[in-house]
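Asker: Before we start, here is the structure in question, set down as structure tokens.
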Amino acid sequence: MSGLSEVSPAVSARQPRSTVASARFYSRSVSIGLATPLIAALLIGFVYPVTRLVALSFEGGSLDNYRRLVAEPLYLDVLASTVKVAFIVTIASLFLGFPVAYLMARLRHGVAMVVAACVFIPLWTSVLVRSYAWVVLLQRNGIVNALLADVGITDGPLKLIYTQGAVIVAMTHVLMPFMILPIYSTLRTLPPDYVRAARNLGAGAFRAFISITLPLSLPGVFAGSVLCFVLALGFYITPALVGGPGSMLMATLIGQQTTVLLDWPFAAALSTVLLAVTLIFVFLFRKTLSLSKGLHSVH
Amino acid sequence: MIGQYLSLIGLDKHFGSVSAVTSLSLEIGAGEFVSLVGPSGSGKTTALNMIAGFEGPSAGKIVIGGRDVTHVAPNRRGIGMVFQKYALFPHLTVHQNIAFPLRMRGRSNKTRIATRVEEMLELVQLSSYGERYPQQLSGGQQQRVALARALAFEPPVLLMDEPLGALDKKLREAMQFEIKRLQERLGATVVYVTHDQDEALTMSDRVAVMAGGELMQFGTPTELYRQPNSAFVADFIGRMNFIEGSCIENADGTAVVRLSDDTVLSIRSKGLRAVGPSAGETIKLAIRPERVRVAKRGEGGAGCLAAVVETCVFVGSVHIVLVRLESRPDVLLQIQLPADGGLPFHERDQVDLLLDDGAIHLFPETERHAA
Amino acid sequence: MSIDLARSPNRLSLVRDHYAAPAFHVFAKVFGMITLGGVIGCVLFFLLLPTLIVIPMSLSEMDYIEFPPSGLSLKWYRAYFSDPDWMTATWFSLKIALATTATATVIGTMAALAIVRGRLPFRSALQALALGPMIVPHIVLGVALYLVFSPLQLTGNFFGFLIAHTVLATPYVMITVTAALQRFDPSLELAALNCGANRLQAFVLVVLPNIAPGVAAGAVFAFLASFDEATVAFFISDIGGKSIGRKMFEDIDFNLTPVIAAVSTVLVAVSLMLMGAIHLANAQKRN
């Protein structure tokens with residue numbers, strides 16, 4: 001299809017207008033007409049505002065905002081810990097999510113639906129609701145502390161909320177579905193014959209998994225990991241509610257600069273850095289990233 | 001009769017630098033059943049798509065019943081079409097599928113549309129299936145619905161794109177006769193694309209053999225079978241044996257050729273083309289499997305080819321004998337013998353082959369085969 | 001646990017292992033499965049619990065959050081439904097979400113058609129750009145939109161939200177509709193043209209009914225993407241116009257009352273109903 005679509009415009013350009021170039025594709029003018037509302041929406045609500053934001057960070061043509069960012073170790077520490085937290089969340093989601101994805105792909109339809117529901121329900125529940133639940137679970141007189149005290153593991157309540165650990169746990173919970181679904185959709189399309197063939201050739205269940213299933217699931221693993229990591233880099237709601245001053249991330253730092261300190265140019269510079277890190281990462285892994293994988297498996 | 005004549009005049013189609021169809025000209029008479037056959041990539045489907053209006057030709061003209069439709073949009077051509085996988089609308093019932101072209105062509109009278117749909121359902125023997133959905137029908141039934149939909153508004157030309165490709169062999173053969181019966185009854189002009197030459201020979205009044213975007217030969221099934229104009233057509237239509245050789249002499253309707261095993265044959269045949277090979281030219285001798293007689297060694301008489309039987313098998317109506325020329329073991333020939341009694345020959349039998357003079361074709365060596 | 005020898009693909013080695021040390025092997029296998037099952041069970045519990053725990057919490061009788069609640073009551077739902085601030089925010093968000101669903105579904109479906117079926121210059125660039133709002137950190141987009149909207153008085157404004165949420169929701173529609181179009185047999189559209197339908201008729205009468213499940217799924221995702229959106233809403237809300245997400249964020253941050261649990265339960269119920277509806281529609285389509 002792509003071959004034809006690349007070639008056909010050249011053909012139609014050479015011909016009189018009345019000629020039907022190919023009924024398989026909409027004509028160029030119709031196609032552009034169909035895409036125009038999207039292009040307009042993107043220009044107004046996406047491209048222009050982001051450009052303005054980046055421009056603001058270079059206010060007056062100076063690099064002052066960036067000099068300040070580099071000069072102050074705090075800001076670089078925040079950047080480093082953002083990447084670190086995103087990495088830990090990704091790895092945790094991968095190790096916890098893979099077995100779930102594997103089970104979903106292997107189980108009979110009815111049982112798999114139950115497991116799938118456990119993944120989809122949190123995915124389509126507001127991030128606010130889930131962050132709120134973590135606040136309640138982890139707060140000083142919250143459920144987790146109560147449980148720990150009841151069992152007798154702890155004497156007094158631990159400080160769980162407003163820590164980096166809380167941020168990591170809550171973000172893992174929020175982002176794990178984005179890991180599970182791409183892996184699941186890759187595993188589901190693997191014909192079971194490969195594993196059967198390996199078993200038939202004498203491989204044990206474990207060997208067959210390691211040498212067949214795992215390598216073939218890698219596209220899904222990469223897609224899920226990249227998606228998870230990218231989303232974690234810019235996450236705001238969860239760290240803002242569950243994290244504290246000691247666990248500042250880029251997003252919460254930007255939030256603080258805009259809502260408390262009202263230093264918009266500096267917030268713009270921080271945003272530009274966060275945007276750049278995200279885009280560089282997306283660009284590096286653009287081949288493995290598949291946004292559609294997760295949503296496709298809904299059907 | 002609903003059919004009208006169809007002319008393709010010098011049709012060209014290229015996609016970028018790739019040429020899909022090159023100067024294709026065909027005159028198809030009203031009510032005629034014409035097949036386009038050829039291997040994949042021969043341009044037959046592109047030609048059909050140009051007639052339907054799905055692809056615009058790069059050059060040339062398409063005329064239906066005197067109306068130039070070259071630049072007419074597909075929905076205004078009024079051509080019926082049966083698609084490869086039927087393309088029945090899955091969200092509409094059988095009745096609604098057949099009514100669709102009638103509605104689109106501005107017949108607003110509901111009772112008249114309903115009557116017409118009933119007529120069509122009766123025609124394809126699916127009267128009680130109107131309220132079903134396409135998915136609830138078997139492949140053969142879907143095929144007939146597609147046919148009814150395409151014929152509902154009595155199109156001047158009906159196009160069929162490998163319509164039987166998805167059916168199994170028995171059903172295919174039954175449908176071939178059914179389609180032919182309907183076409184003759186309605187007097188429809190049909191252009192039928194298939195890669196199956198048997199199907200083309202069975203159903204068509206005339207067959208157009210295409211290869212590499214070009215028309216190789218256009219003729220009745222008998223003409224194509226008995227007088228192929230090229231090694232390609234000879235090979236593509238039916239089975240054909242080829243033996244290389246060279247022409248020693250060609251005069252007065254008699255050609256003398258020396259085959260690759262040094263046998264010299266003198267051929268007086270209708271199969272020689274008007275301008276046959278000239279002396280010294282290397283040639284390919286072609287003969288159909290059923291036009292070779294086989295005799296025990298020494299009983300064949302003069303002008304025989306010495307060969308050894310490779311295998312002899314029974315396939316129902318005939319025996320098939322595979323032989324190798326004794327002096328050229330790389331030349332394998334297939335021979336068909338009427339199957340009466342037990343196996344006439346056995347492995348390693350030494351035999352003489354007698355080629356039927358009247359059925360020999362000579363082609364220049366340079367011509368390519370279908371395979 | 002029984003091992004069905006006849007159906008096992010690894011019959012020979014199983015037989016051998018079985019004879020060598022049957023007790024150990026069966027034990028190891030069962031143990032392995034229990035461990036794996038336990039791990040997966042814990043993960044599923046971890047996924048589901050924080051989502052569903054808001055339901056019992058919202059039924060609490062007390063004025064502070066306790067779990068398990070000592071008595072059941074609907075007082076927090078009454079509080080939610082009688083609080084004008086919450087109601088204003090809810091209606092505001094609902095209006096925005098419904099309008100966003102309409103715009104994103106139309107824009108996304110048109111764009112998906114252009115991308116899958118059209119001849120479009122810079123097609124892959126447009127596709128990448130259209131998915132950009134899913135990738136770019138929402139806080140960056142929120143700050144950027146605030147900068148542009150603020151001088152135009154579009155903060156706290158229905159149209160400001162509509163623009164922002166349309167950009168955020170359209171990618172979901174594009175993804176589901178693109179997938180539906182790729183599954184759609186293009187010869188059906190050619191058949192419609194051949195039957196005399198023009199492009200528009202072919203789209204309305206043949207293409208649209210067949211991609212409808214994808215469009216519907218996209219619409220539901222678009223609704224939820226707007227209704228549940230909090231980050232961008234956080235920045236483009238103001239005192240005059242606050243989305244339910246911004247209102248929740250403030251309340252979680254400043255006064256953690258069980259009303260939030262009641263609101264959360266309502267949000268979860270809305271999500272579950274919509275997802276269930278998609279699922280049923282798809283299941284019906286398959287049958």
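Scheme for the structure tokens: letters A, B, ... for chains in order shown; per-chain residue numbers from 1; ligand numbers from 1 in order shown.
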List every residue of stretch 193-284 of chain B that DSSP, applied to the backbone of this structure, assigns to strand (DSSP E or B), and report them as number ranges by chain.

Answerer: B: 193-194, 206-211, 214-219, 241-251, 254-259, 264-267, 282-284

Asker: Each residue of chain A with at least one atom at most 7 Å from chain C should appear once, together with its nearest atom pair and the corresponding distance in Å (one decimal); atoms considered: only C-alpha atoms; ordering: chain, then increasing residue number; output as a Markdown table.

Answerer:
```
| residue | atom | partner | partner_atom | distance |
| --- | --- | --- | --- | --- |
| A:Ser5 | CA | C:Arg119 | CA | 6.4 |
| A:Phe25 | CA | C:Gly118 | CA | 5.1 |
| A:Tyr26 | CA | C:Gly118 | CA | 4.5 |
| A:Ser27 | CA | C:Arg119 | CA | 6.1 |
| A:Arg28 | CA | C:Arg119 | CA | 5.0 |
| A:Ser31 | CA | C:Ala114 | CA | 4.7 |
| A:Ile32 | CA | C:Leu120 | CA | 6.4 |
| A:Leu34 | CA | C:Met110 | CA | 5.0 |
| A:Ala35 | CA | C:Ala111 | CA | 4.7 |
| A:Pro37 | CA | C:Ile107 | CA | 6.0 |
| A:Leu38 | CA | C:Ile107 | CA | 5.7 |
| A:Ala41 | CA | C:Val167 | CA | 6.4 |
| A:Leu42 | CA | C:Val167 | CA | 6.3 |
| A:Gly45 | CA | C:Ala164 | CA | 5.7 |
| A:Phe46 | CA | C:Val167 | CA | 7.0 |
| A:Pro49 | CA | C:Ala144 | CA | 4.9 |
| A:Val50 | CA | C:Ala144 | CA | 5.3 |
| A:Arg52 | CA | C:Ala144 | CA | 7.0 |
| A:Leu53 | CA | C:Ala144 | CA | 5.2 |
| A:Leu96 | CA | C:Val43 | CA | 6.4 |
| A:Pro99 | CA | C:Ile40 | CA | 6.4 |
| A:Val100 | CA | C:Ile40 | CA | 5.9 |
| A:Cys118 | CA | C:Leu48 | CA | 5.8 |
| A:Val119 | CA | C:Leu47 | CA | 6.9 |
| A:Ile121 | CA | C:Leu272 | CA | 6.8 |
| A:Pro122 | CA | C:Thr51 | CA | 5.9 |
| A:Trp124 | CA | C:Ser271 | CA | 6.2 |
| A:Thr125 | CA | C:Val268 | CA | 5.6 |
| A:Ser126 | CA | C:Asp228 | CA | 4.9 |
| A:Val129 | CA | C:Ser264 | CA | 5.4 |
| A:Arg130 | CA | C:Thr51 | CA | 5.6 |
| A:Tyr132 | CA | C:Ile252 | CA | 6.6 |
| A:Ala133 | CA | C:Pro50 | CA | 5.3 |
| A:Trp134 | CA | C:Pro50 | CA | 6.5 |
| A:Ile143 | CA | C:Phe67 | CA | 6.4 |
| A:His173 | CA | C:Leu47 | CA | 6.0 |
| A:Arg196 | CA | C:Pro9 | CA | 6.6 |
| A:Arg199 | CA | C:Asn10 | CA | 5.6 |
| A:Asn200 | CA | C:Asn10 | CA | 5.3 |
| A:Gly202 | CA | C:Asn10 | CA | 6.3 |
| A:Val230 | CA | C:Ile135 | CA | 7.0 |
| A:Leu231 | CA | C:Ile135 | CA | 7.0 |
| A:Gly234 | CA | C:Pro137 | CA | 4.4 |
| A:Phe235 | CA | C:Pro137 | CA | 6.8 |
| A:Tyr236 | CA | C:Ile139 | CA | 6.4 |
| A:Ile237 | CA | C:Thr231 | CA | 6.4 |
| A:Leu241 | CA | C:Asp253 | CA | 6.5 |
| A:Ala251 | CA | C:Ile139 | CA | 6.4 |
| A:Ser271 | CA | C:Val140 | CA | 5.4 |
| A:Leu275 | CA | C:Val136 | CA | 6.6 |
| A:Ser292 | CA | C:Ile175 | CA | 5.9 |
| A:His296 | CA | C:Thr176 | CA | 6.9 |
| A:His299 | CA | C:Asn282 | CA | 6.8 |
```

Asker: Enumerate, in order of chain and increasing residue number, the residues of chain B with an atom no farther than 12 Å from chain C, each with its shortest atom pair and distance in Å to one decimal, counting only C-alpha atoms, as CSV.

Answerer:
```
residue,atom,partner,partner_atom,distance
B:Asn49,CA,C:Leu190,CA,10.1
B:Ile51,CA,C:Asn194,CA,11.0
B:Ala52,CA,C:Asn194,CA,7.3
B:Gly53,CA,C:Asn194,CA,8.5
B:Phe54,CA,C:Leu190,CA,7.4
B:Glu55,CA,C:Leu190,CA,10.9
B:Val72,CA,C:Asn194,CA,11.9
B:Ala73,CA,C:Leu193,CA,8.7
B:Pro74,CA,C:Asn194,CA,5.8
B:Asn75,CA,C:Gly196,CA,4.0
B:Arg76,CA,C:Gly196,CA,6.2
B:Arg77,CA,C:Asn194,CA,7.9
B:Gly78,CA,C:Gly196,CA,7.0
B:Ile79,CA,C:Asn194,CA,6.8
B:Gly80,CA,C:Asn194,CA,6.7
B:Met81,CA,C:Asn194,CA,6.9
B:Val82,CA,C:Ala191,CA,8.3
B:Phe83,CA,C:Ser187,CA,7.5
B:Gln84,CA,C:Ser187,CA,8.9
B:Lys85,CA,C:Ser187,CA,8.6
B:Tyr86,CA,C:Leu188,CA,8.7
B:Ala87,CA,C:Leu188,CA,5.0
B:Leu88,CA,C:Leu188,CA,6.9
B:Phe89,CA,C:Leu188,CA,6.5
B:Pro90,CA,C:Asn210,CA,7.8
B:His91,CA,C:Asn210,CA,6.9
B:Leu92,CA,C:Val206,CA,9.0
B:Gln96,CA,C:Leu205,CA,11.4
B:Asn97,CA,C:Cys195,CA,9.9
B:Ile98,CA,C:Cys195,CA,9.6
B:Ala99,CA,C:Cys195,CA,9.7
B:Phe100,CA,C:Cys195,CA,6.9
B:Pro101,CA,C:Cys195,CA,4.4
B:Leu102,CA,C:Cys195,CA,7.9
B:Arg103,CA,C:Gly196,CA,8.7
B:Met104,CA,C:Gly196,CA,5.3
B:Arg105,CA,C:Gly196,CA,5.9
B:Gly106,CA,C:Gly196,CA,9.2
B:Arg107,CA,C:Gly196,CA,11.4
B:Tyr133,CA,C:Asn287,CA,11.9
B:Gln135,CA,C:Asn287,CA,10.3
B:Gln136,CA,C:Asn287,CA,11.0
B:Ala146,CA,C:Ala191,CA,10.0
B:Ala148,CA,C:Cys195,CA,11.9
B:Arg149,CA,C:Cys195,CA,8.3
B:Ala150,CA,C:Cys195,CA,7.6
B:Leu151,CA,C:Cys195,CA,10.2
B:Ala152,CA,C:Cys195,CA,9.7
B:Phe153,CA,C:Cys195,CA,9.0
B:Glu154,CA,C:Cys195,CA,11.5
B:Pro155,CA,C:Cys195,CA,10.1
B:Val157,CA,C:Asn194,CA,11.8
B:Leu158,CA,C:Asn194,CA,10.8
B:Leu159,CA,C:Asn194,CA,10.4
B:Met160,CA,C:Ala191,CA,11.9
B:Asp161,CA,C:Ser187,CA,11.4
```

Asker: Determine, counting only C-alpha atoms, which protein, DNA and RNA residues have an atom within 10 Å of an atom of stretch 247-251 of chain B; residues of the same chain fewer than 2 positions away are not included. Present the result as an mmCIF file with N, CA and C atoms, in the first residue's frame.

Answerer:
```cif
data_model
loop_
_atom_site.group_PDB
_atom_site.id
_atom_site.type_symbol
_atom_site.label_atom_id
_atom_site.label_comp_id
_atom_site.auth_asym_id
_atom_site.auth_seq_id
_atom_site.Cartn_x
_atom_site.Cartn_y
_atom_site.Cartn_z
ATOM 1 N N GLY B 245 15.925 -27.718 -31.071
ATOM 2 C CA GLY B 245 16.497 -28.229 -32.313
ATOM 3 C C GLY B 245 16.880 -27.084 -33.214
ATOM 4 N N GLY B 253 5.789 -25.443 -47.420
ATOM 5 C CA GLY B 253 4.978 -25.950 -46.328
ATOM 6 C C GLY B 253 5.573 -27.156 -45.630
ATOM 7 N N THR B 254 6.806 -27.446 -45.918
ATOM 8 C CA THR B 254 7.446 -28.552 -45.232
ATOM 9 C C THR B 254 8.727 -28.047 -44.574
ATOM 10 N N ALA B 255 8.831 -28.296 -43.299
ATOM 11 C CA ALA B 255 10.038 -27.882 -42.595
ATOM 12 C C ALA B 255 10.818 -29.122 -42.214
ATOM 13 N N VAL B 256 12.112 -29.065 -42.413
ATOM 14 C CA VAL B 256 12.962 -30.162 -41.965
ATOM 15 C C VAL B 256 13.753 -29.653 -40.766
ATOM 16 N N VAL B 257 13.608 -30.361 -39.653
ATOM 17 C CA VAL B 257 14.325 -29.910 -38.460
ATOM 18 C C VAL B 257 15.167 -31.039 -37.908
ATOM 19 N N ARG B 258 16.281 -30.640 -37.308
ATOM 20 C CA ARG B 258 17.129 -31.605 -36.612
ATOM 21 C C ARG B 258 16.949 -31.330 -35.123
ATOM 22 N N LEU B 259 16.459 -32.339 -34.406
ATOM 23 C CA LEU B 259 16.233 -32.161 -32.974
ATOM 24 C C LEU B 259 17.524 -32.308 -32.200
ATOM 25 N N VAL B 264 16.234 -36.355 -37.321
ATOM 26 C CA VAL B 264 15.807 -35.376 -38.311
ATOM 27 C C VAL B 264 14.354 -35.654 -38.651
ATOM 28 N N LEU B 265 13.510 -34.625 -38.527
ATOM 29 C CA LEU B 265 12.087 -34.780 -38.824
ATOM 30 C C LEU B 265 11.721 -33.864 -39.973
ATOM 31 N N SER B 266 10.837 -34.377 -40.807
ATOM 32 C CA SER B 266 10.305 -33.527 -41.858
ATOM 33 C C SER B 266 8.839 -33.302 -41.522
ATOM 34 N N ILE B 267 8.464 -31.999 -41.343
ATOM 35 C CA ILE B 267 7.149 -31.704 -40.795
ATOM 36 C C ILE B 267 6.298 -30.975 -41.819
ATOM 37 N N ARG B 268 5.091 -31.518 -42.052
ATOM 38 C CA ARG B 268 4.135 -30.818 -42.888
ATOM 39 C C ARG B 268 2.924 -30.572 -42.004
ATOM 40 N N VAL B 275 4.977 -17.331 -41.421
ATOM 41 C CA VAL B 275 6.405 -17.146 -41.626
ATOM 42 C C VAL B 275 7.109 -18.082 -40.653
ATOM 43 N N GLY B 276 7.446 -19.253 -41.093
ATOM 44 C CA GLY B 276 8.059 -20.238 -40.216
ATOM 45 C C GLY B 276 9.521 -19.944 -40.019
ATOM 46 N N PRO B 277 10.192 -20.811 -39.331
ATOM 47 C CA PRO B 277 11.626 -20.601 -39.105
ATOM 48 C C PRO B 277 12.384 -20.726 -40.422
ATOM 49 N N SER B 278 13.451 -19.972 -40.560
ATOM 50 C CA SER B 278 14.261 -20.092 -41.765
ATOM 51 C C SER B 278 15.431 -21.024 -41.499
ATOM 52 N N ALA B 279 16.037 -21.488 -42.577
ATOM 53 C CA ALA B 279 17.100 -22.478 -42.453
ATOM 54 C C ALA B 279 18.223 -21.958 -41.557
ATOM 55 N N GLY B 280 18.718 -22.819 -40.683
ATOM 56 C CA GLY B 280 19.827 -22.452 -39.814
ATOM 57 C C GLY B 280 19.394 -21.896 -38.480
ATOM 58 N N GLU B 281 18.106 -21.545 -38.362
ATOM 59 C CA GLU B 281 17.625 -20.950 -37.125
ATOM 60 C C GLU B 281 17.431 -22.028 -36.054
ATOM 61 N N THR B 282 17.804 -21.703 -34.820
ATOM 62 C CA THR B 282 17.512 -22.653 -33.737
ATOM 63 C C THR B 282 16.051 -22.495 -33.341
ATOM 64 N N ILE B 283 15.408 -23.612 -33.041
ATOM 65 C CA ILE B 283 13.970 -23.590 -32.802
ATOM 66 C C ILE B 283 13.609 -24.410 -31.573
ATOM 67 N N LYS B 284 12.326 -24.264 -31.173
ATOM 68 C CA LYS B 284 11.743 -25.132 -30.162
ATOM 69 C C LYS B 284 10.573 -25.830 -30.810
ATOM 70 N N LEU B 362 6.338 -25.042 -34.269
ATOM 71 C CA LEU B 362 7.745 -24.635 -34.193
ATOM 72 C C LEU B 362 7.811 -23.178 -33.766
ATOM 73 N N PRO B 364 10.554 -19.909 -32.516
ATOM 74 C CA PRO B 364 11.966 -19.514 -32.425
ATOM 75 C C PRO B 364 12.494 -19.811 -31.027
#
```

Asker: In Å, rounded to a single decimal, give me how far atom CA of B:Leu26 is from atom CA of B:Leu11.

Answerer: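 We find that atom CA of B:Leu11 and atom CA of B:Leu26 lie 9.3 Å from each other.
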
Asker: Would you please work out which residue, of B:Gly342, B:Pro329, B:Pro57, B:Gly358, is nearest to chain A when using only C-alpha atoms?

Answerer: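 Smallest separation from chain A among the options: B:Pro57.
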
Asker: Can you pull out the residues contacting stretch 16-25 of chain B? Cut-off 8 Å, using only C-alpha atoms, and skip same-chain residues under 2 positions away; I want them as a ChimeraX atom specification.

Answerer: /A:7-8,10-11 /B:7-14,27,41-43,46-47,60,212-215

Asker: Counting only C-alpha atoms, which residue out of A:Ser62, A:Thr82, A:Gln257, A:Thr36 sits closest to A:Leu270?

Answerer: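 Closest to A:Leu270, using only C-alpha atoms: A:Gln257.
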
Asker: Run DSSP on the backbone and grab whatever in stretch 125-245 of chain C lands in helix (DSSP H, G or I); send it over as a PyMOL selection string.

Answerer: chain C and resi 125-135+138-149+158-183+186-194+199-227+231-236+244-245

Asker: For the selection just defined, write its residues with C-alpha atoms to a file, as a short mmCIF file (atom, residue, chain, number, x, y, z; two decimals), in the first residue's frame.

Answerer:
```cif
data_model
loop_
_atom_site.label_atom_id
_atom_site.label_comp_id
_atom_site.auth_asym_id
_atom_site.auth_seq_id
_atom_site.Cartn_x
_atom_site.Cartn_y
_atom_site.Cartn_z
CA ALA C 125 5.41 13.74 10.02
CA LEU C 126 1.77 14.61 10.60
CA GLN C 127 1.17 11.24 12.24
CA ALA C 128 4.09 11.77 14.61
CA LEU C 129 3.01 15.31 15.41
CA ALA C 130 -0.57 14.21 16.07
CA LEU C 131 0.60 11.68 18.64
CA GLY C 132 2.89 14.29 20.21
CA PRO C 133 0.40 15.37 22.89
CA MET C 134 0.51 11.80 24.29
CA ILE C 135 4.30 11.94 24.61
CA HIS C 138 1.51 17.19 30.26
CA ILE C 139 3.01 19.64 32.71
CA VAL C 140 4.97 21.22 29.87
CA LEU C 141 1.81 21.47 27.81
CA GLY C 142 -0.09 22.82 30.83
CA VAL C 143 2.45 25.59 31.46
CA ALA C 144 2.63 26.39 27.73
CA LEU C 145 -1.15 26.61 27.37
CA TYR C 146 -1.39 28.80 30.47
CA LEU C 147 1.12 31.21 28.97
CA VAL C 148 -0.92 31.52 25.77
CA PHE C 149 -4.41 31.37 27.30
CA PHE C 158 -14.93 26.51 28.34
CA PHE C 159 -13.28 27.17 24.97
CA GLY C 160 -9.81 27.18 26.46
CA PHE C 161 -10.47 23.76 27.94
CA LEU C 162 -12.06 22.57 24.73
CA ILE C 163 -8.96 23.46 22.71
CA ALA C 164 -6.57 21.90 25.24
CA HIS C 165 -8.57 18.71 25.72
CA THR C 166 -9.25 18.27 22.02
CA VAL C 167 -5.51 18.24 21.41
CA LEU C 168 -5.04 15.72 24.23
CA ALA C 169 -7.96 13.45 23.27
CA THR C 170 -7.63 13.34 19.46
CA PRO C 171 -4.67 10.89 19.44
CA TYR C 172 -6.84 8.25 21.15
CA VAL C 173 -9.47 8.56 18.44
CA MET C 174 -6.84 8.48 15.71
CA ILE C 175 -5.29 5.30 17.08
CA THR C 176 -8.54 3.37 17.39
CA VAL C 177 -10.00 4.59 14.09
CA THR C 178 -6.72 3.98 12.23
CA ALA C 179 -6.74 0.42 13.54
CA ALA C 180 -10.37 -0.04 12.49
CA LEU C 181 -9.65 1.36 9.01
CA GLN C 182 -6.68 -0.95 8.59
CA ARG C 183 -8.90 -3.93 9.39
CA PRO C 186 -10.95 -1.52 1.05
CA SER C 187 -12.68 -3.51 -1.68
CA LEU C 188 -15.95 -2.88 0.18
CA GLU C 189 -15.59 0.79 -0.60
CA LEU C 190 -14.73 0.03 -4.22
CA ALA C 191 -17.82 -2.20 -4.35
CA ALA C 192 -19.93 0.70 -3.07
CA LEU C 193 -18.48 3.00 -5.77
CA ASN C 194 -19.10 0.30 -8.34
CA ARG C 199 -17.54 9.02 -2.14
CA LEU C 200 -19.72 10.52 0.56
CA GLN C 201 -22.44 7.88 0.21
CA ALA C 202 -19.79 5.14 0.22
CA PHE C 203 -18.35 6.55 3.43
CA VAL C 204 -21.66 7.06 5.24
CA LEU C 205 -23.39 3.89 4.06
CA VAL C 206 -20.51 1.41 3.93
CA VAL C 207 -17.28 2.59 5.58
CA LEU C 208 -18.72 4.23 8.68
CA PRO C 209 -21.02 1.36 9.78
CA ASN C 210 -18.04 -1.00 9.54
CA ILE C 211 -15.57 1.14 11.49
CA ALA C 212 -18.21 2.24 14.00
CA PRO C 213 -16.82 0.12 16.89
CA GLY C 214 -13.42 1.79 16.47
CA VAL C 215 -15.00 5.23 16.33
CA ALA C 216 -17.11 4.48 19.42
CA ALA C 217 -14.07 3.20 21.34
CA GLY C 218 -12.18 6.35 20.32
CA ALA C 219 -15.07 8.51 21.51
CA VAL C 220 -15.11 6.81 24.92
CA PHE C 221 -11.36 7.20 25.28
CA ALA C 222 -11.68 10.85 24.28
CA PHE C 223 -14.39 11.41 26.90
CA LEU C 224 -12.29 9.84 29.65
CA ALA C 225 -9.12 11.58 28.50
CA SER C 226 -10.92 14.88 29.04
CA PHE C 227 -13.05 14.07 32.08
CA THR C 231 -2.42 18.13 34.85
CA VAL C 232 -3.28 20.53 32.05
CA ALA C 233 -6.56 21.31 33.81
CA PHE C 234 -4.53 22.23 36.88
CA PHE C 235 -2.85 25.04 34.93
CA ILE C 236 -5.68 26.35 32.79
CA ILE C 244 -13.40 18.46 38.63
CA GLY C 245 -9.77 17.33 38.35
#
```

Asker: Extract, using only C-alpha atoms, all DNA, RNA and protein residues at most 7 Å from stretch 213-225 of chain A, discarding same-chain residues fewer than 3 positions from it, and format them as a count of residues only.

Answerer: 15

Asker: Report, in Å with one decimal, the straight-line distance from atom CA of A:Leu148 to atom CA of C:Pro258.

Answerer: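 Taking atom CA of A:Leu148 and atom CA of C:Pro258, their separation equals 22.9 Å.
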
Asker: At what distance in Å, to one decimal, does atom CA of B:Tyr192 lie from atom CA of B:Gly238?

Answerer: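 Straight-line distance from atom CA of B:Gly238 to atom CA of B:Tyr192 works out to 18.5 Å.
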